[in-house]
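Peer 1: Take a look at this one; I'll ask things after.
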Amino acid sequence: MRRSVRGRDSYSGSEAGVVDVYRMTGAPSTSLSPQAAGPSRIALQSFVMCTAMLLAVGTIMVFSASITAQPSQQDQIYLSRHLLFLAGAVAVGTIAALLPGSFWKSASPFLFLLTLAAIGAVLVPGIGTRVNGAQRWIRLGPISMQPSETAKITLTLLLARLVSTQRDKPTLSGRMLLAGTFLVTAVLVVIEPDLGTTVFLTILFALVLFLGGWPIKEFIAAGVVTLPAIACALVLKPYQWKRLEGFVTTWTHPEEAPYQVRQSLTTLGVGGLSGTGLGEGWQKLSFLPEANTDFIFSVIGEELGLWGTLGVAALWLSFFYFGLKLLGQHPTKSFPAIAGTALLCQLVIQAAINIGVVTAMLPPKGISHPFISYGGSSLMVSCAAVGIILSLARSPVEDMSPEPNEALDPNQEDLAHEAFTTEETAPVESPLLA
Amino acid sequence: MSTSHNESRGRVRVVGFFILLIWGVLIARLLHIQWWRQEDFTSIATRQQVSSETILARPGDILDRRGRLLATTITVPSFYVDPAALDNPHDFAAQVAPVLGLSAEKLSWQIQEASSRRFLWVKRRLTEEEQQAIEALQLPAHVCGMKVEYRRHYPQGSLAAHVIGLRDIDGQGRGGIEQTFNEQLQGHDGKRRFVRDARGHVLDVLEEVTQPPVDGAEITLTLDAVIQLRLEQQLDELVKQYSPCGVCGIVLDPQRGEILAMGSRPTLDPNRPQDASELAWKNLCISAVYEPGSTFKPLVVARALDLKTIQPYDNLDCEHGAYRMGPRVLHDHHPYGFLSVSDVLVKSSNIGMAKIGESLGNEELYRLALDYGFGQPTGVELPGELTGLLRPYASWNQYSTGSIPMGQELAATPLQMITAHAVLANGGRRITPHLLKSAGTPQPQHVVVSQVVSPQNARWIVQGPLHDVVARGTGTKAKIEGIEVFGKTGTAQKYDAAAREYSHSKHVCSFICGAPANDPQVLVLITVDEPQGGNAGGTVAAPIAANVLKESLQYLRPHQVVERPLEGSAQ
């Protein structure tokens, strides 16, 4: 254990900006002292509660949406596998939450390179698996994973780190590093091809820069450059173009909409205000494709009605609100604030995009609903993101207030102490008091 | 630092605001779909989920007058496969085909052709052995199965095939009673509405909108299967002896107009219609048109007596076998001098009949033909009945005066002929011959159309001349010991259309007889078209008709058959 901590130290020590950040993150913990634990504790509990409720809704709906017209063993398998994934995801999330916030900053380049290697491996024939004309999966025995999902987290972390270290005066090399990091990932994901994820990563990139205080005029300049490029890409990729075309048709002629979208709308509409009742939907039985993954929100609409869908929306907004509260004590341009907010927004935006697809406001892109959709990769990544948010939110206050440590077992407490000992040694500046 | 921080805090607010805005739009969209347009989507869902299926009505049975089954409906299993659920059509075909007597290659090919479909008949209407063999294979239930279908079955085989007709594979009546009473027999199919998923699996049956089927009505005929069987056996005997091109026979209750039996040869088995020959489909009793010949003569005499143009005990000069009417010379088979009215019929003198015809005149002859029902359908409940041939009065000439009384120049179906004779047998009333006894509800038993002949004269003809025909005339072969039989022979030359004259070699022989003479209960007509090795109604048809008559009477009224009290009449 000691070895690993030391290893991390040596890694972060090699980066010039680390010390600076430690100064930042250390600041509120010294200034706010025990009082800060009060509101943040409620925020923490509420935030974790929202996550748990979303996961619970997901588990129930995965079970319901997996029922087919002719019930068989297969239906049960979905639930048991989902529960297995859930256990794994919660474990991953817990570990992520218990790791010190500094870990994510120091490990981000390493994690990013690992992700990049995995994405690269996907493209190598024989390692990557082709599904529906796209090479997105790595299959290791019974487990298959989608490295581009992981990129959502590791890219965010690295970008946040790069932005936070040069927040006020972006240097040329800094710019190059930022742009290069993003472009390499984006290009690899585009090759798969996975345009949906690429667009999503682009949004993340812009989000991190924006939160990091990047000059507004540069956003405008970038928009002027990239919009024609997106238009070009659409024209060159007939399969993307078709999707977009089908989507536009939906608005003018709903009956000519692609089958999936038409069924999704129908399924939502059938539910009405109060829904058909849990487990009693007809549409999910076979008319609605991908009922337990990308279109699970439609099943919520059919079985739980408008109250159900609005309830999920309320959960997401609460999740977002308490997440922001939780991160609010950090100075806004610090690594925990940028990375945490970006991860939080990422989850909320992904849920919004999923609902946008299900309600035919966005073209179908194969984006799952975080916490709710069936699928191991999605659950793991979402829970890991929540864990990292918790870890980042907690990081500076940790050594000042003992409460968050209560949940830790002695071994990990030990680890946490060691991790934060390094922080204490860092010079402290307090921007909030300034 | 502070300003930068505030600006940055503002940026978090901007992001938060945008995200709130996005969610606001989504919530508005959800309200739009789930609340505002709920009904539209519900109707779309109903359209794709709910479908209906017909529940077949069971076609009604056809019974004879004593309730014996002539036609019935049985359920048979049909074997189907779900090609889309089948992984290996080749193995499946190899397993199933030999059991069902199909070609494995062809079946395998058929299944592969339909591989995207969810339903394919492998074989419809399996036999019991085939069904058991399939069940023994223990095939997986989600891949294939049996569906119950209705099949029409004729338990008596070819018995009364022409009267009953048959029901085709689509459940439509074709020919006979099956066609005439198609609507009553068919019933009304029901409807079932059910919820189905995208793959076609039935999920739920909507009981409240299910319409039950109304099964077809049971129809009871006037036919008697036993008499029908006796008649058909005799017809077969005739075919064996004389190999004619056609034979038919009718047994009629002259008092009530009920047809007790009706048969025609060649025939077919309605259970295997594919084996039937072209000619076998024709019911000669209603669709063959022959010149009646001598059987027409008593009808004319009865009318002449009614109109008193002759008296029962008049003697007519038969001119010793040759009589000139205008440009035409008539001949008798044997030259006769003076003959009584009765003997004109007994000896079947053409010259005598021509003189009676002269006494009536064309107008009365035409009227009597109409009154007896010639030239019109009898109204029996069978499709395809012909009207016979009665030329319009305007085209009658002086030939007609001699030809009509001896049964030429007009043509009739056998059913028309026996119906006309029923008038004499029942005391002068023309009655519609019928086959239907009841169809669910009681039906009128008979319809009296009109009094055609006075009862006395009708009775005189039957008990006098027609009785004598059998006792000492042309129909002596129809004598039955102990029973007073009456009858009339008919031997008509067929008109040869190619030679434009009456053929000397082709005859239609007929014999019509009934018993007992004092109260006729049964009337039998046998018509033989072109018998080989015999050309007179009295020799070819009379013995057969007498056999049918005897067996019918034995069966119907055993106490009247003195010599052979109860034998063969256990019914």
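Starting from 1 in every chain, residues are counted up; chains themselves are A, B, ... following the order of the structure tokens, and ligands are numbered from 1 as listed.
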Write out as an mmCIF file with all heavy atoms, in the first residue's frame the residues lying within 9 Å of Leu166 (chain B), counting only C-alpha atoms and excluding same-chain residues fewer than 4 positions away.
Peer 2:
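Output (around_7.cif):
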```cif
data_model
loop_
_atom_site.group_PDB
_atom_site.id
_atom_site.type_symbol
_atom_site.label_atom_id
_atom_site.label_comp_id
_atom_site.auth_asym_id
_atom_site.auth_seq_id
_atom_site.Cartn_x
_atom_site.Cartn_y
_atom_site.Cartn_z
ATOM 1 N N ALA B 71 -74.597 -36.497 -44.196
ATOM 2 C CA ALA B 71 -73.417 -35.642 -44.292
ATOM 3 C C ALA B 71 -73.169 -35.080 -42.912
ATOM 4 O O ALA B 71 -74.103 -34.687 -42.221
ATOM 5 C CB ALA B 71 -73.644 -34.500 -45.283
ATOM 6 N N ARG B 152 -65.793 -31.858 -43.993
ATOM 7 C CA ARG B 152 -67.080 -32.452 -44.291
ATOM 8 C C ARG B 152 -66.871 -33.929 -44.556
ATOM 9 O O ARG B 152 -65.947 -34.320 -45.280
ATOM 10 C CB ARG B 152 -67.654 -31.767 -45.541
ATOM 11 C CG ARG B 152 -69.153 -31.927 -45.698
ATOM 12 C CD ARG B 152 -69.895 -31.279 -44.586
ATOM 13 N NE ARG B 152 -71.306 -31.062 -44.929
ATOM 14 C CZ ARG B 152 -72.227 -30.846 -44.029
ATOM 15 N NH1 ARG B 152 -71.913 -30.816 -42.744
ATOM 16 N NH2 ARG B 152 -73.477 -30.625 -44.389
ATOM 17 N N TYR B 154 -68.928 -37.661 -45.487
ATOM 18 C CA TYR B 154 -70.153 -38.305 -45.958
ATOM 19 C C TYR B 154 -70.075 -39.761 -45.567
ATOM 20 O O TYR B 154 -69.464 -40.577 -46.270
ATOM 21 C CB TYR B 154 -70.292 -38.108 -47.468
ATOM 22 C CG TYR B 154 -70.322 -36.640 -47.826
ATOM 23 C CD1 TYR B 154 -69.153 -35.969 -48.152
ATOM 24 C CD2 TYR B 154 -71.517 -35.920 -47.760
ATOM 25 C CE1 TYR B 154 -69.163 -34.604 -48.423
ATOM 26 C CE2 TYR B 154 -71.527 -34.557 -48.028
ATOM 27 C CZ TYR B 154 -70.344 -33.911 -48.364
ATOM 28 O OH TYR B 154 -70.380 -32.572 -48.611
ATOM 29 N N ALA B 161 -75.311 -39.336 -53.474
ATOM 30 C CA ALA B 161 -74.319 -38.291 -53.727
ATOM 31 C C ALA B 161 -74.889 -37.133 -54.524
ATOM 32 O O ALA B 161 -74.597 -35.975 -54.236
ATOM 33 C CB ALA B 161 -73.122 -38.892 -54.464
ATOM 34 N N HIS B 162 -75.737 -37.439 -55.492
ATOM 35 C CA HIS B 162 -76.251 -36.365 -56.348
ATOM 36 C C HIS B 162 -77.241 -35.479 -55.619
ATOM 37 O O HIS B 162 -77.363 -34.300 -55.930
ATOM 38 C CB HIS B 162 -76.902 -36.958 -57.602
ATOM 39 C CG HIS B 162 -75.914 -37.581 -58.524
ATOM 40 N ND1 HIS B 162 -75.750 -38.952 -58.606
ATOM 41 C CD2 HIS B 162 -75.025 -37.032 -59.373
ATOM 42 C CE1 HIS B 162 -74.798 -39.208 -59.494
ATOM 43 N NE2 HIS B 162 -74.339 -38.063 -59.968
ATOM 44 N N GLN B 172 -67.755 -24.197 -49.069
ATOM 45 C CA GLN B 172 -68.902 -23.766 -49.874
ATOM 46 C C GLN B 172 -69.613 -24.997 -50.446
ATOM 47 O O GLN B 172 -68.949 -25.919 -50.918
ATOM 48 C CB GLN B 172 -68.433 -22.879 -51.035
ATOM 49 C CG GLN B 172 -67.844 -21.555 -50.589
ATOM 50 C CD GLN B 172 -68.843 -20.699 -49.845
ATOM 51 O OE1 GLN B 172 -70.020 -20.598 -50.230
ATOM 52 N NE2 GLN B 172 -68.428 -20.096 -48.741
ATOM 53 N N GLY B 173 -70.948 -24.972 -50.398
ATOM 54 C CA GLY B 173 -71.717 -26.073 -50.943
ATOM 55 C C GLY B 173 -71.647 -26.076 -52.462
ATOM 56 O O GLY B 173 -71.781 -25.042 -53.101
ATOM 57 N N ARG B 174 -71.383 -27.251 -53.008
ATOM 58 C CA ARG B 174 -71.313 -27.374 -54.474
ATOM 59 C C ARG B 174 -72.251 -28.491 -54.887
ATOM 60 O O ARG B 174 -71.973 -29.657 -54.640
ATOM 61 C CB ARG B 174 -69.880 -27.701 -54.918
ATOM 62 C CG ARG B 174 -68.885 -26.616 -54.602
ATOM 63 C CD ARG B 174 -68.819 -25.570 -55.714
ATOM 64 N NE ARG B 174 -67.895 -24.512 -55.372
ATOM 65 C CZ ARG B 174 -68.270 -23.271 -55.062
ATOM 66 N NH1 ARG B 174 -69.540 -22.935 -55.055
ATOM 67 N NH2 ARG B 174 -67.378 -22.368 -54.776
ATOM 68 N N GLY B 175 -73.365 -28.136 -55.521
ATOM 69 C CA GLY B 175 -74.308 -29.128 -56.010
ATOM 70 C C GLY B 175 -75.216 -29.643 -54.905
ATOM 71 O O GLY B 175 -74.876 -29.606 -53.718
ATOM 72 N N GLY B 176 -76.404 -30.092 -55.316
ATOM 73 C CA GLY B 176 -77.322 -30.745 -54.401
ATOM 74 C C GLY B 176 -77.786 -29.870 -53.245
ATOM 75 O O GLY B 176 -77.752 -28.643 -53.299
ATOM 76 N N ILE B 177 -78.230 -30.570 -52.179
ATOM 77 C CA ILE B 177 -78.738 -29.891 -50.997
ATOM 78 C C ILE B 177 -77.666 -28.985 -50.380
ATOM 79 O O ILE B 177 -77.948 -27.906 -49.879
ATOM 80 C CB ILE B 177 -79.204 -30.960 -49.974
ATOM 81 C CG1 ILE B 177 -80.436 -31.696 -50.502
ATOM 82 C CG2 ILE B 177 -79.487 -30.348 -48.619
ATOM 83 C CD1 ILE B 177 -81.662 -30.835 -50.659
ATOM 84 N N GLU B 178 -76.420 -29.428 -50.430
ATOM 85 C CA GLU B 178 -75.327 -28.628 -49.878
ATOM 86 C C GLU B 178 -75.288 -27.238 -50.495
ATOM 87 O O GLU B 178 -74.974 -26.267 -49.820
ATOM 88 C CB GLU B 178 -73.981 -29.326 -50.127
ATOM 89 C CG GLU B 178 -73.789 -30.621 -49.360
ATOM 90 C CD GLU B 178 -73.155 -30.422 -47.988
ATOM 91 O OE1 GLU B 178 -73.443 -29.397 -47.344
ATOM 92 O OE2 GLU B 178 -72.382 -31.303 -47.576
ATOM 93 N N GLN B 179 -75.609 -27.158 -51.774
ATOM 94 C CA GLN B 179 -75.584 -25.855 -52.437
ATOM 95 C C GLN B 179 -76.874 -25.083 -52.183
ATOM 96 O O GLN B 179 -76.851 -23.911 -51.842
ATOM 97 C CB GLN B 179 -75.359 -26.034 -53.944
ATOM 98 C CG GLN B 179 -75.291 -24.712 -54.689
ATOM 99 C CD GLN B 179 -74.943 -24.902 -56.159
ATOM 100 O OE1 GLN B 179 -74.353 -25.895 -56.550
ATOM 101 N NE2 GLN B 179 -75.331 -23.931 -56.975
ATOM 102 N N PRO B 270 -68.525 -38.401 -52.680
ATOM 103 C CA PRO B 270 -68.240 -37.011 -52.292
ATOM 104 C C PRO B 270 -67.055 -36.886 -51.333
ATOM 105 O O PRO B 270 -66.536 -35.799 -51.148
ATOM 106 C CB PRO B 270 -69.534 -36.549 -51.627
ATOM 107 C CG PRO B 270 -70.274 -37.786 -51.288
ATOM 108 C CD PRO B 270 -69.850 -38.847 -52.240
ATOM 109 N N ASN B 271 -66.640 -37.984 -50.712
ATOM 110 C CA ASN B 271 -65.447 -37.920 -49.865
ATOM 111 C C ASN B 271 -64.175 -37.830 -50.699
ATOM 112 O O ASN B 271 -63.137 -37.434 -50.206
ATOM 113 C CB ASN B 271 -65.356 -39.159 -48.966
ATOM 114 C CG ASN B 271 -66.475 -39.173 -47.933
ATOM 115 O OD1 ASN B 271 -66.762 -38.155 -47.321
ATOM 116 N ND2 ASN B 271 -67.107 -40.323 -47.774
ATOM 117 N N PRO B 273 -63.877 -36.341 -54.193
ATOM 118 C CA PRO B 273 -64.385 -35.737 -55.439
ATOM 119 C C PRO B 273 -63.340 -35.723 -56.544
ATOM 120 O O PRO B 273 -63.685 -35.703 -57.720
ATOM 121 C CB PRO B 273 -64.760 -34.312 -55.010
ATOM 122 C CG PRO B 273 -64.003 -34.065 -53.750
ATOM 123 C CD PRO B 273 -63.824 -35.386 -53.090
#
```
Peer 1: Could you tell me which residues of chain A sit within 7 Å of chain B when counting only C-alpha atoms, and give me the result as a ChimeraX atom specification?
Peer 2: /A:69,211,213,266,268-273,285-287,306,310,332-333,352,356,434
Peer 1: Taking C-alpha atoms for each residue, export the selection above as a CSV table (one decimal), in the first residue's frame.
Peer 2:
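Full text of out.csv as output:
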```
chain,number,residue,atom,x,y,z
A,69,ALA,CA,-44.4,-12.2,-24.8
A,211,LEU,CA,-15.9,25.8,-16.8
A,213,GLY,CA,-12.6,30.0,-17.6
A,266,THR,CA,-46.3,5.2,-29.2
A,268,LEU,CA,-44.7,6.8,-24.2
A,269,GLY,CA,-48.2,8.0,-25.4
A,270,VAL,CA,-50.0,4.8,-24.4
A,271,GLY,CA,-48.9,5.4,-20.8
A,272,GLY,CA,-50.7,8.7,-20.5
A,273,LEU,CA,-50.8,10.3,-17.1
A,285,LEU,CA,-43.2,-7.1,-25.1
A,286,SER,CA,-42.0,-6.9,-28.7
A,287,PHE,CA,-43.0,-3.8,-30.5
A,306,LEU,CA,-46.3,10.9,-17.0
A,310,LEU,CA,-41.6,13.5,-14.6
A,332,THR,CA,-14.4,27.2,-9.4
A,333,LYS,CA,-11.2,26.9,-11.3
A,352,ALA,CA,-31.2,14.4,-21.3
A,356,GLY,CA,-34.4,13.6,-26.3
A,434,ALA,CA,-9.4,36.7,-0.4
```
Peer 1: Please report, as a ChimeraX atom specification, each residue of region 164-359 of chain A to which DSSP assigns helix (DSSP H, G or I) when run on this structure's backbone.
Peer 2: /A:164-165,172-191,195-211,216-236,238-252,254-256,259-271,283-285,296-327,335-358
Peer 1: Given the choices A:Pro215, A:Gly301, A:Gly275, A:Gly376, which gets closest to Val358 (chain A) if the distance is worked out from only C-alpha atoms?
Peer 2: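 The shortest atom-to-atom distance to Val358 (chain A) comes from A:Gly301.
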